[in-house]
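Chemist: Structure file structure-v8.cif, mmCIF, C-alpha atoms and all ligand atoms, is pasted below:
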```
data_run
loop_
_atom_site.label_atom_id
_atom_site.label_comp_id
_atom_site.auth_asym_id
_atom_site.auth_seq_id
_atom_site.Cartn_x
_atom_site.Cartn_y
_atom_site.Cartn_z
CA MET A 1 -0.68 -20.24 -17.76
CA THR A 2 -0.15 -16.89 -19.50
CA LEU A 3 -1.29 -13.32 -18.92
CA GLU A 4 -4.07 -13.86 -21.49
CA ASP A 5 -5.57 -16.52 -19.20
CA VAL A 6 -6.18 -13.86 -16.54
CA ARG A 7 -9.75 -12.71 -17.09
CA ARG A 8 -11.30 -12.50 -13.68
CA ILE A 9 -9.64 -10.91 -10.67
CA ALA A 10 -10.60 -11.05 -7.01
CA VAL A 11 -9.47 -8.46 -4.48
CA ILE A 12 -9.76 -9.52 -0.82
CA GLY A 13 -10.12 -6.57 1.57
CA ALA A 14 -11.92 -3.41 0.44
CA GLY A 15 -10.04 -0.82 2.50
CA GLN A 16 -8.01 2.16 1.30
CA MET A 17 -5.90 -0.06 -0.96
CA GLY A 18 -8.16 -2.94 -2.03
CA SER A 19 -11.03 -0.71 -3.13
CA GLN A 20 -8.83 1.30 -5.52
CA ILE A 21 -6.83 -1.70 -6.75
CA ALA A 22 -10.15 -3.27 -7.79
CA MET A 23 -11.22 -0.03 -9.48
CA GLN A 24 -7.92 0.32 -11.33
CA ALA A 25 -8.27 -3.22 -12.74
CA ALA A 26 -11.91 -2.58 -13.71
CA LEU A 27 -10.92 0.63 -15.49
CA HIS A 28 -8.71 -1.57 -17.67
CA GLY A 29 -11.50 -3.96 -18.60
CA TYR A 30 -11.20 -6.70 -15.97
CA GLU A 31 -14.19 -8.16 -14.13
CA VAL A 32 -13.28 -7.82 -10.45
CA ALA A 33 -14.86 -9.32 -7.36
CA LEU A 34 -14.21 -7.12 -4.30
CA GLN A 35 -14.60 -8.95 -1.00
CA ASP A 36 -14.60 -7.71 2.60
CA ILE A 37 -15.88 -9.03 5.91
CA SER A 38 -17.35 -5.61 6.67
CA ALA A 39 -20.55 -4.54 4.90
CA ALA A 40 -19.88 -0.89 5.81
CA GLN A 41 -16.44 -1.09 4.22
CA LEU A 42 -17.86 -2.49 0.97
CA GLU A 43 -20.36 0.38 0.80
CA LYS A 44 -17.61 2.89 1.55
CA ALA A 45 -15.42 1.37 -1.17
CA THR A 46 -18.19 1.62 -3.79
CA ALA A 47 -19.04 5.21 -2.83
CA GLY A 48 -15.35 6.21 -2.74
CA ASN A 49 -14.66 4.77 -6.18
CA ARG A 50 -17.71 6.51 -7.60
CA THR A 51 -16.49 9.85 -6.20
CA GLN A 52 -13.04 9.31 -7.71
CA LEU A 53 -14.45 8.52 -11.15
CA ASP A 54 -17.02 11.34 -10.96
CA ARG A 55 -14.10 13.75 -10.52
CA ARG A 56 -12.45 12.39 -13.66
CA VAL A 57 -15.70 12.79 -15.59
CA ALA A 58 -16.08 16.37 -14.30
CA LYS A 59 -12.53 17.16 -15.47
CA GLY A 60 -13.26 15.66 -18.90
CA LYS A 61 -10.70 12.86 -18.37
CA LEU A 62 -13.24 10.01 -18.50
CA ALA A 63 -16.49 9.59 -20.42
CA ALA A 64 -19.60 9.08 -18.28
CA GLU A 65 -20.30 5.76 -20.08
CA GLU A 66 -16.77 4.51 -19.33
CA ARG A 67 -17.26 5.41 -15.67
CA ASP A 68 -20.54 3.51 -15.51
CA ALA A 69 -19.10 0.49 -17.30
CA ALA A 70 -16.01 0.38 -15.06
CA LEU A 71 -18.07 0.73 -11.86
CA ALA A 72 -20.33 -2.09 -13.06
CA ARG A 73 -17.30 -4.38 -13.50
CA VAL A 74 -16.54 -4.25 -9.73
CA HIS A 75 -18.69 -6.82 -7.92
CA PRO A 76 -18.78 -6.36 -4.11
CA THR A 77 -19.35 -9.49 -2.01
CA HIS A 78 -19.00 -10.74 1.58
CA SER A 79 -18.14 -14.24 0.46
CA LEU A 80 -14.49 -15.11 -0.05
CA GLU A 81 -15.56 -18.33 -1.79
CA GLN A 82 -17.77 -16.45 -4.23
CA ALA A 83 -15.01 -13.93 -4.94
CA ALA A 84 -12.12 -16.35 -5.31
CA GLY A 85 -13.96 -19.30 -6.94
CA PRO A 86 -14.05 -17.93 -10.51
CA ALA A 87 -10.85 -15.84 -10.21
CA ASP A 88 -7.67 -16.42 -12.23
CA PHE A 89 -5.73 -13.93 -10.11
CA VAL A 90 -6.36 -12.97 -6.48
CA ILE A 91 -4.93 -9.88 -4.75
CA GLU A 92 -5.10 -9.93 -0.96
CA ALA A 93 -5.28 -6.49 0.71
CA VAL A 94 -6.57 -7.20 4.23
CA VAL A 95 -5.09 -5.69 7.42
CA GLU A 96 -1.32 -5.88 7.88
CA ARG A 97 -1.36 -8.76 10.40
CA LEU A 98 0.55 -11.92 9.62
CA GLU A 99 -1.88 -14.35 11.28
CA GLU A 100 -4.89 -12.77 9.55
CA LYS A 101 -3.15 -12.95 6.19
CA LYS A 102 -2.08 -16.58 6.73
CA GLN A 103 -5.70 -17.51 7.44
CA VAL A 104 -6.89 -15.70 4.32
CA PHE A 105 -4.27 -17.49 2.19
CA ALA A 106 -5.30 -20.88 3.60
CA GLN A 107 -8.95 -20.08 2.74
CA LEU A 108 -8.00 -18.81 -0.72
CA ASP A 109 -6.04 -21.98 -1.42
CA LEU A 110 -9.21 -24.01 -0.86
CA ALA A 111 -11.56 -21.63 -2.67
CA ALA A 112 -9.58 -20.63 -5.77
CA ALA A 113 -9.06 -22.75 -8.90
CA ARG A 114 -5.77 -24.67 -9.04
CA HIS A 115 -4.38 -22.41 -11.78
CA ALA A 116 -5.09 -19.16 -9.89
CA ILE A 117 -2.25 -16.96 -8.69
CA LEU A 118 -2.49 -15.64 -5.10
CA ALA A 119 -0.80 -12.25 -4.60
CA THR A 120 -0.42 -10.14 -1.46
CA ASN A 121 -0.37 -6.36 -1.37
CA SER A 122 1.39 -6.39 2.02
CA SER A 123 3.78 -3.49 2.68
CA TYR A 124 6.34 -5.58 4.57
CA ILE A 125 5.41 -9.26 4.74
CA GLY A 126 7.24 -11.44 2.23
CA ASN A 127 5.11 -13.98 0.38
CA THR A 128 7.12 -17.05 1.49
CA GLN A 129 5.46 -16.96 4.93
CA LEU A 130 2.02 -16.81 3.29
CA ALA A 131 2.87 -19.42 0.65
CA ALA A 132 3.50 -21.88 3.49
CA ALA A 133 -0.23 -21.69 4.33
CA THR A 134 -1.10 -22.93 0.82
CA SER A 135 -0.51 -25.99 -1.36
CA ARG A 136 0.67 -23.82 -4.30
CA PRO A 137 3.76 -21.89 -3.13
CA GLU A 138 4.94 -21.47 -6.75
CA LYS A 139 1.79 -19.40 -7.41
CA VAL A 140 2.17 -17.04 -4.44
CA VAL A 141 3.78 -13.63 -4.97
CA ASN A 142 3.92 -10.05 -3.64
CA MET A 143 2.17 -7.44 -5.77
CA HIS A 144 2.73 -4.24 -3.81
CA PHE A 145 0.79 -1.16 -4.89
CA PHE A 146 1.29 2.33 -3.47
CA PHE A 147 -1.26 4.68 -1.93
CA PRO A 148 -3.43 5.86 -3.61
CA PRO A 149 -3.46 2.99 -6.15
CA LEU A 150 -5.65 4.96 -8.59
CA VAL A 151 -2.82 7.48 -8.88
CA MET A 152 0.52 5.89 -7.98
CA ARG A 153 2.09 4.10 -10.94
CA LEU A 154 4.58 1.79 -9.27
CA VAL A 155 4.01 -1.86 -8.36
CA GLU A 156 6.72 -3.94 -6.63
CA VAL A 157 6.61 -7.61 -7.64
CA VAL A 158 8.56 -9.84 -5.25
CA LYS A 159 9.71 -13.38 -5.96
CA GLY A 160 9.54 -15.52 -2.82
CA GLU A 161 11.62 -18.62 -2.14
CA LYS A 162 9.25 -20.81 -4.15
CA THR A 163 7.54 -18.35 -6.50
CA SER A 164 7.90 -19.53 -10.11
CA GLU A 165 9.29 -17.36 -12.91
CA GLU A 166 5.94 -17.80 -14.67
CA THR A 167 4.08 -16.32 -11.69
CA VAL A 168 6.47 -13.34 -11.55
CA ALA A 169 6.10 -12.73 -15.30
CA ILE A 170 2.27 -12.90 -15.20
CA THR A 171 2.13 -10.60 -12.16
CA ALA A 172 4.40 -8.02 -13.80
CA GLY A 173 2.36 -8.36 -17.02
CA LEU A 174 -0.89 -7.83 -15.14
CA ALA A 175 0.52 -4.69 -13.50
CA ARG A 176 1.27 -3.31 -16.98
CA ALA A 177 -2.12 -4.42 -18.29
CA ILE A 178 -3.84 -2.28 -15.64
CA GLY A 179 -1.72 0.76 -16.40
CA ARG A 180 0.95 0.31 -13.76
CA GLU A 181 4.76 0.01 -13.95
CA PRO A 182 6.24 -3.07 -12.28
CA VAL A 183 9.68 -3.49 -10.76
CA VAL A 184 10.78 -7.04 -9.94
CA LEU A 185 12.63 -8.02 -6.76
CA CYS A 186 14.48 -11.28 -7.35
CA LYS A 187 14.59 -11.98 -3.62
CA GLU A 188 12.61 -11.13 -0.51
CA LEU A 189 13.81 -8.44 1.84
CA PRO A 190 11.60 -6.67 4.44
CA GLY A 191 10.42 -3.29 3.14
CA PHE A 192 11.15 -4.22 -0.49
CA LEU A 193 12.76 -1.36 -2.49
CA VAL A 194 10.76 1.80 -1.89
CA ASN A 195 10.19 1.50 1.84
CA ARG A 196 13.88 0.64 2.40
CA ILE A 197 15.03 3.70 0.46
CA LEU A 198 12.46 5.80 2.31
CA ARG A 199 13.57 4.45 5.68
CA ALA A 200 17.21 5.31 4.89
CA ILE A 201 16.29 8.87 3.88
CA GLN A 202 14.03 9.42 6.87
CA GLY A 203 16.62 7.90 9.22
CA GLU A 204 19.21 10.41 8.04
CA ALA A 205 16.71 13.29 8.19
CA TYR A 206 15.84 12.45 11.83
CA PHE A 207 19.55 12.04 12.66
CA LEU A 208 20.25 15.57 11.38
CA LEU A 209 17.25 16.97 13.25
CA GLU A 210 17.93 15.20 16.56
CA ASN A 211 21.56 16.30 16.49
CA GLY A 212 20.55 19.94 16.11
CA VAL A 213 22.23 20.27 12.71
CA ALA A 214 19.25 22.02 11.08
CA SER A 215 15.52 22.60 11.56
CA PHE A 216 13.16 20.12 9.91
CA ALA A 217 11.92 22.91 7.64
CA ASP A 218 15.48 23.49 6.38
CA ILE A 219 16.09 19.74 5.97
CA ASP A 220 12.93 19.59 3.84
CA LYS A 221 14.09 22.63 1.87
CA ALA A 222 17.49 21.03 1.27
CA ALA A 223 15.91 17.82 -0.07
CA GLU A 224 13.44 19.73 -2.26
CA LEU A 225 15.81 22.31 -3.74
CA GLY A 226 19.04 20.30 -3.68
CA LEU A 227 17.74 16.86 -4.65
CA ASN A 228 14.61 17.84 -6.56
CA PHE A 229 12.41 15.82 -4.18
CA PRO A 230 8.77 16.93 -4.66
CA LEU A 231 8.36 16.76 -0.85
CA GLY A 232 11.03 16.85 1.85
CA PRO A 233 11.12 13.88 4.28
CA PHE A 234 9.10 15.64 7.02
CA LYS A 235 6.40 16.85 4.62
CA LEU A 236 6.21 13.32 3.25
CA ALA A 237 5.90 11.92 6.80
CA ASP A 238 2.98 14.33 7.38
CA PHE A 239 1.41 13.15 4.12
CA SER A 240 1.67 9.43 5.00
CA GLY A 241 0.54 9.92 8.62
CA LEU A 242 3.00 10.28 11.53
CA ASP A 243 1.38 7.37 13.40
CA ILE A 244 2.45 4.95 10.65
CA GLY A 245 6.12 5.96 10.95
CA TYR A 246 5.95 6.09 14.74
CA TYR A 247 4.44 2.65 15.28
CA SER A 248 6.64 0.92 12.70
CA ARG A 249 9.72 2.39 14.47
CA LEU A 250 8.33 1.40 17.87
CA ASP A 251 7.78 -2.20 16.67
CA ARG A 252 11.31 -2.34 15.32
CA TYR A 253 12.75 -0.89 18.54
CA GLN A 254 10.85 -3.40 20.67
CA GLU A 255 12.28 -6.17 18.48
CA THR A 256 15.90 -4.98 18.37
CA GLN A 257 16.15 -2.98 21.65
CA ASN A 258 18.67 -0.87 19.72
CA PRO A 259 18.39 2.79 20.87
CA ALA A 260 19.13 3.87 17.26
CA ASP A 261 15.77 2.31 16.26
CA ALA A 262 13.73 4.16 18.94
CA PRO A 263 11.17 6.65 17.55
CA PRO A 264 12.74 10.13 17.39
CA ARG A 265 11.50 12.59 20.04
CA ALA A 266 10.16 15.06 17.46
CA LEU A 267 7.95 12.28 16.09
CA GLN A 268 6.88 10.95 19.48
CA VAL A 269 5.72 14.32 20.89
CA ARG A 270 3.55 14.97 17.85
CA VAL A 271 1.96 11.51 17.89
CA GLU A 272 1.29 11.84 21.65
CA ARG A 273 -0.43 15.19 21.02
CA GLY A 274 -2.57 13.58 18.30
CA ASP A 275 -0.89 15.68 15.60
CA LEU A 276 -0.64 12.94 12.98
CA GLY A 277 0.02 15.01 9.86
CA ARG A 278 -2.30 16.14 7.11
CA LYS A 279 -5.15 13.87 8.16
CA THR A 280 -5.48 15.72 11.49
CA GLY A 281 -4.54 19.13 10.05
CA LYS A 282 -1.24 19.30 11.93
CA GLY A 283 1.99 17.32 12.14
CA PHE A 284 5.43 18.74 11.50
CA TYR A 285 3.53 21.51 9.74
CA ASP A 286 0.25 23.25 10.54
CA TYR A 287 -2.02 22.97 7.49
CA SER A 288 -4.49 25.64 8.61
CA THR A 289 -2.28 28.29 6.99
CA ASP A 290 -1.13 28.65 3.39
CA PRO A 291 1.73 27.88 3.09
CA PRO A 292 1.69 25.44 6.02
CA ALA A 293 3.74 26.70 8.99
CA PRO A 294 6.37 24.61 10.84
CA THR A 295 5.15 23.54 14.32
CA GLU A 296 7.09 23.51 17.62
CA ASP A 297 8.28 20.35 19.39
CA THR A 298 6.72 21.36 22.70
N1 LIG B 1 -2.22 2.26 3.24
C1 LIG B 1 -1.11 2.24 2.54
O1 LIG B 1 -0.47 3.29 2.30
C2 LIG B 1 -0.61 0.92 1.97
C3 LIG B 1 0.25 0.95 0.88
C4 LIG B 1 0.68 -0.26 0.31
C5 LIG B 1 0.25 -1.46 0.87
N2 LIG B 1 -0.58 -1.46 1.95
C6 LIG B 1 -1.02 -2.76 2.48
O2 LIG B 1 -2.31 -3.04 1.99
C7 LIG B 1 -3.02 -3.83 2.95
C8 LIG B 1 -4.33 -3.14 3.28
O3 LIG B 1 -4.05 -1.85 3.77
P1 LIG B 1 -5.16 -0.69 3.80
O4 LIG B 1 -4.43 0.58 4.05
O5 LIG B 1 -6.08 -0.84 2.63
O6 LIG B 1 -5.93 -1.12 5.14
P2 LIG B 1 -7.45 -0.79 5.55
O7 LIG B 1 -7.47 -0.92 7.04
O8 LIG B 1 -7.93 0.47 4.92
O9 LIG B 1 -8.28 -2.01 4.89
C9 LIG B 1 -8.19 -3.34 5.30
C10 LIG B 1 -9.53 -3.99 4.99
O10 LIG B 1 -9.40 -5.40 5.20
C11 LIG B 1 -10.65 -5.85 5.71
N3 LIG B 1 -10.41 -7.16 6.34
C12 LIG B 1 -9.80 -7.43 7.50
N4 LIG B 1 -9.73 -8.77 7.68
C13 LIG B 1 -10.29 -9.35 6.58
C14 LIG B 1 -10.52 -10.68 6.16
N5 LIG B 1 -10.16 -11.71 6.92
N6 LIG B 1 -11.13 -10.89 4.97
C15 LIG B 1 -11.54 -9.84 4.19
N7 LIG B 1 -11.35 -8.56 4.54
C16 LIG B 1 -10.74 -8.32 5.72
C17 LIG B 1 -11.09 -4.76 6.65
O11 LIG B 1 -12.50 -4.81 6.90
C18 LIG B 1 -10.68 -3.51 5.87
O12 LIG B 1 -11.73 -3.07 5.01
C19 LIG B 1 -2.08 -4.01 4.14
O13 LIG B 1 -1.40 -5.22 4.02
C20 LIG B 1 -1.11 -2.84 3.99
O14 LIG B 1 0.15 -3.09 4.54
C21 LIG B 1 -1.04 -0.29 2.50
#
```
Translate the structure described by the file into structure tokens.
Ligand SMILES: NC(=O)c1ccc[n+]([C@@H]2O[C@H](COP(=O)([O-])OP(=O)(O)OC[C@H]3O[C@@H](n4cnc5c(N)ncnc54)[C@H](O)[C@@H]3O)[C@@H](O)[C@H]2O)c1
Modeler:
Amino acid sequence: MTLEDVRRIAVIGAGQMGSQIAMQAALHGYEVALQDISAAQLEKATAGNRTQLDRRVAKGKLAAEERDAALARVHPTHSLEQAAGPADFVIEAVVERLEEKKQVFAQLDLAAARHAILATNSSYIGNTQLAAATSRPEKVVNMHFFFPPLVMRLVEVVKGEKTSEETVAITAGLARAIGREPVVLCKELPGFLVNRILRAIQGEAYFLLENGVASFADIDKAAELGLNFPLGPFKLADFSGLDIGYYSRLDRYQETQNPADAPPRALQVRVERGDLGRKTGKGFYDYSTDPPAPTEDT
């Protein structure tokens, strides 16, 4: 199989990620089936994609005919069999739960043609665990997009224990074909590249904060002005949602019982107050003012 054999794509899960991954592929000429178990989610995905493309048309970045053609190439469906049956390449983007994903991979293995590649967009789960639920482990791979997929250019492609070189090459090629830049991980490691680097930076930022070395606003300023980061680590945490960072640390702490892995107090108090970052209007910063003002811990 080669990249040229990939004509039809199926995206399983039409949430924040799946909906835009499907749209990105359709913008580059692919016919894409977009499947979800929730009818409401499929409607939301279609409406959301239309809004995104309308904005591009309004800004003169996309012709109205191109928008209409690209939207028409995304085919929403409730049926996994209908989505995966004709697909040459499947991208799974359902909830981040191992058992759910294993079930989806077992279903995909039955529904998809023998030549089809099965990729997961999981943020942390390596494909080897999912490949074990299929009879084609050499065709299972991680294809990890970043939020929002219509904007973020990077895609991490991860080779699992049994993923073939051909599968890795086609996946990286497909990323390029839909206007994205792949990086290839030759082995599986939880968190892949970006989330590991991010975790290291955020770990150090929280260490400095918790030890009273500097305020979070000054730590952000140091990263922005001294390292040319577009956003300091606390502004970035607000952008991603503080609940995501909090619960991933809590999970890790419950697993390791290592006090160094416990969620930092400054994060915990904000999550407990319901201040989850930009999405709630307040996190480390209060977004009701311009520029946003640093908030207090108590
Ligand atoms: N949100 C991010 O920033 C981000 C970034 C990179 C990767 N990811 C990964 O992408 C995946 C999806 O994340 P998201 O943020 O889009 O989540 P989301 O909650 O927005 O969407 C998940 C969708 O999956 C659907 N779903 C659940 N079970 C299903 C099933 N069995 N079959 C079909 N659809 C099913 C849900 O109805 C929902 O629409 C996760 O694995 C996540 O780790 C997320």
Chemist: At a cut-off of 6 Å from (12.9, 3.3, 21.2) in the coordinates of the file, what residues are picked up using all atoms listed in the file, written as a list in words?
Modeler: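 Result, sorted by chain then residue number: Leu250, Tyr253, Pro259, Asp261, Ala262 and Pro263 of chain A.
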Chemist: Do you know which residues lie at most 12 Å from (17.1, 15.4, 0.9), with coordinates as in the file and all atoms listed in the file counted, and could you write them as a PyMOL selection string?
Modeler: chain A and resi 197-198+200-206+208+216-236
Chemist: Could you jot down the atom CA of A:Phe146 to atom CA of A:Pro76 separation for me, Å, one decimal place?
Modeler: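 Calculated distance between atom CA of A:Phe146 and atom CA of A:Pro76 is 21.9 Å.
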Chemist: At a cut-off of 8 Å and counting all atoms listed in the file, what residues surround ligand LIG 1 (chain B)? Please answer as a PyMOL selection string.
Modeler: chain A and resi 12-19+35-38+41-42+78+80+92-97+100-101+103-104+120-125+144-148+240
Chemist: Using 9 Å as the limit and counting all atoms listed in the file, can you tabulate each residue of stretch 135-213 of chain A that touches stretch 25-34 of chain A, with its shortest atom-to-atom distance in Å and the two atoms involved, as a Markdown table?
Modeler:
```
| residue | atom | partner | partner_atom | distance |
| --- | --- | --- | --- | --- |
| A:Ala175 | CA | A:Ala25 | CA | 8.9 |
| A:Ala177 | CA | A:His28 | CA | 7.2 |
| A:Ile178 | CA | A:His28 | CA | 5.3 |
| A:Gly179 | CA | A:His28 | CA | 7.5 |
```
Chemist: Separation of atom CA of A:Val271 and atom CA of A:Ala40, in Å?
Modeler: 27.9 Å
Chemist: So how many Å separate atom CA of A:Ala132 and atom CA of A:Thr163, to one decimal?
Modeler: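 Atom CA of A:Ala132 sits 11.3 Å away from atom CA of A:Thr163.
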Chemist: Hey, which of A:Pro294, A:Glu65, A:Ala70, A:Ala87 ends up closest to A:Ser215? Count all atoms listed in the file.
Modeler: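 Under the stated criterion, the closest residue is A:Pro294.
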Chemist: Counting all atoms listed in the file, which of A:Val168, A:Val194, A:Ala10, A:Ala133 gets nearest to A:Ala113?
Modeler: A:Ala10
Chemist: A:Glu272, A:Phe207, A:Leu98, A:Lys139: which is nearest A:Ala116, counting all atoms listed in the file?
Modeler: A:Lys139
Chemist: Give me the residues near A:Gln268 as a PyMOL selection string, where near means some atom within 12 Å (using only C-alpha atoms) and where sequence neighbours in that chain fewer than 3 positions away do not count.
Modeler: chain A and resi 206+242-247+249-250+262-265+271-276+283-284+297-298
Chemist: Do you know which residues are at most 12 Å from A:Arg136 counting only C-alpha atoms, after dropping those on the same chain fewer than 5 positions away, and could you put them as a list in words?
Modeler: Phe105, Ala106, Leu108, Asp109, Leu110, Ala112, Ala113, Arg114, His115, Ala116, Ile117, Leu118, Ala119, Asn127, Thr128, Leu130, Ala131, Val141, Lys162, Thr163, Ser164 and Thr167 of chain A
Chemist: Which one of A:Ala169, A:Leu174, A:Ile9, A:Val183 sits closest to A:Leu154 if you count all atoms listed in the file?
Modeler: A:Val183
Chemist: Can you work out which one of A:Val11, A:Ala39, A:Phe89, A:Asp290 has the shortest atom-to-atom distance to A:His75, counting all atoms listed in the file?
Modeler: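 When distances to A:His75 are compared using all atoms listed in the file, the smallest one comes from A:Val11.
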